[in-house]
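Participant: Let me give you the structure first, and then I'll get to my questions.
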Amino acid sequence: MTATQTDISTGEVAAEQRVTEEELARRARQKELTSRWFWRILSYVVVLAVWEFALLDIFSWLRGNPLDPKLLPGPSEVLATFGEIWGEGTMPAAFQATLTRIAVGFGLSFLIGAMVGILMQSKWFEGFFKDAVLISLSAPGLIWVLITAIIFGNRPIGPTIAIILTTFALVTVNVSEGIRALPKDLLDMAKSFKVSLYKRNRQIVIPHLAPYLFTGLRFGFSIAWKVTVLTEVFSSSEGIGFEMRISAVLFDMSEFLTWILAFFFFALFLEKVVLEAIERRYFRWRQAVVAS
Amino acid sequence: MTTTETPRRNDVSASTAMSSAPNPLAVAVRIVKSPHFARLLFPVFLFAVWHITLAAVEQVWPFAVDVLPTPGEVGAFMWDEFITDTLARKNLYETFYISLRRLMSGFAIAMVLGTALGLAMGLSRATNAFCHDWTMAILAMPALAWALFNSIIFGFDDRGPILTVILAGIPFVIVNVREGVRNTPRELFDMARSFKVPQSRIIRHVLVPSLLPFMFAAARYCFSIGWKGLVIAEVFGGQDGAGWTIKFWYDAHRAHGVVGYAAFFVIFAILFERLVFEPISRRAFRWRPQLQTEVVEEAFTENQDLQDQERPVR
């Protein structure tokens, strides 16, 4: 509504008054921002308060019988447990184990997914890989985790294969989406000027695909870390998933919540802050990245 | 020989029919080059890789072969399950019926609650600011965490898995419905109001049609994510259901059981997509020239804050 007011004012009102209009608009925006932050902060306070004081009763009501308070620790207790575990010094090792697994598994998955996506430029390979992509997208990650766990046991190759099978299709889908949006005129021109296949790929296809690859990377990572934690629950003796399973088996809920929340925040940080910052930096030259 | 149609299968009868055609070699080349042939080649290729892997493993570690399932074993297992001859406590149909019932309860609750919240968030800035971060947090949480948590809270009954389905699916509904509300054409509302169209008809003819594709995307995602969450929840907090049964074969250390059941999972998901969502989508969007759903996937937060600022929120 502020926008329409300024529109009307620009035509007829004198310059001094326009300044006040702009000032008004600025103030309105300021107010809007304040209100947004007010609600945002209020939501944190409310949710944490509900968790600390009321969640136990809510779950007891849902269960139909009272819940042991030990099974649902509040945020303050989780924070205290975090301090304890951090003091023990086991956390960095567990993080490292999980992150290594993600890096190896998802790195390979990304390469395979991108290669399959590029192969799917040709109709023949599109037909060939269609069902593989469909299955990978629609099947629950749990089945790959269980199959690889039963076949490979505790060997590190099992989780790697499970991660690849769950995430490669996300990369493939993004890459083939990018390929569908390739600048055909450029490619046709390059072809008619007899530019070599390698050069065509290197100088037209890859720069065009880069943002799509990046979207695939971010989507894939958000799935990959979840699958990795799941594989560790079944077939591993270290890492976040393993610690989660141990604490769940021991009914130590505050430890359980500490592990999952710690890794959750870490993964969110990687996903939303680090990867997005890299994306912004790397694609600064683009006006607007239109990657689905 | 017609040149326009490529035969879908190069089975024996087709190839014998073709031998009388002028140039059998060209025809064969064309068949091999067709995408349909490639699609059919994929399972063949998969089985070949499977056999070769088995043979190779037998050479290197003869003792490991006991663990590895052969295609024949898996096929036999799936057939036994199919004709309800099973060692598990419940047969295939009962198992999937139980899981489907849980999935549907969770799905329905998630759709109703999510639509209400999404509408509220699309219509009011304060609600949006209040719920946005928590929706994102629930969305990014792995289903495994919900599954383990709910199994500890609720023990072994229906409520844990159902709550997992709700928690896994609801953020997709919220976000899609909110996008849908934001994308409703404002001019149509203004025009309807200035022509004094009654409120009920505005809702029926303006809001619902523009919301429908988003609702549909929401349902699709909620369903598939809910299904993935449900099986994990059943593994940890169930006494029956599809997730429990695959865990049963896993604990019994029957690799062919695990692989066979996994195949049922895939078949279930694909059948549902083909038999339920695709026909509905075709029917509901027949009036559209093409489907333009901006499906909101995992990482839809890009430029979210930007949109919050730029888009007028009604």
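Note on naming: chains are A, B, ... as they come in the structure tokens, residues start from 1 per chain, ligands start from 1 in the order shown.
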Could you work out which residues of chain B fall inside 6 Å of chain A? Count only C-alpha atoms, and format the result as a list in words.
Facilitator: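 On the chain B side, the interface is Pro35, Ala38, Arg39, Phe42, Ala129, Phe130, Pro142, Lys228, Ala262 and Val266 of chain B.
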Participant: So which residues touch Met91 (chain A) within 10 Å, counting only C-alpha atoms, skipping near sequence neighbours fewer than 5 positions away, as a list in words?
Facilitator: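 Near Met91 (chain A), the qualifying residues are Phe82, Ile85, Trp86, Gln96, Ala97, Gly239, Ile240, Glu243, Trp259, Ala262 and Phe263 of chain A.
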Participant: Determine which residues of region 60-283 of chain A DSSP labels as alpha helix (DSSP H) from the backbone of this structure, then write them out as a ChimeraX atom specification.
Facilitator: /A:60-63,75-88,91-119,123-138,141-152,157-180,184-192,197-200,206-234,240-249,253-268,275-282
Participant: Name the closest residue to Val235 (chain B) among the candidates B:Asp133, B:Asp157, B:Asp190, B:Asp80; distances are taken between atoms, counting only C-alpha atoms.
Facilitator: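 Checking each candidate against Val235 (chain B), we get B:Asp157 as the closest.
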Participant: Contacts of Gly243 (chain B) at 7 Å or less, counting only C-alpha atoms, minus same-chain residues fewer than 6 places along, as JSON, numbers by chain?
Facilitator: {"B": [231, 232, 234, 235]}
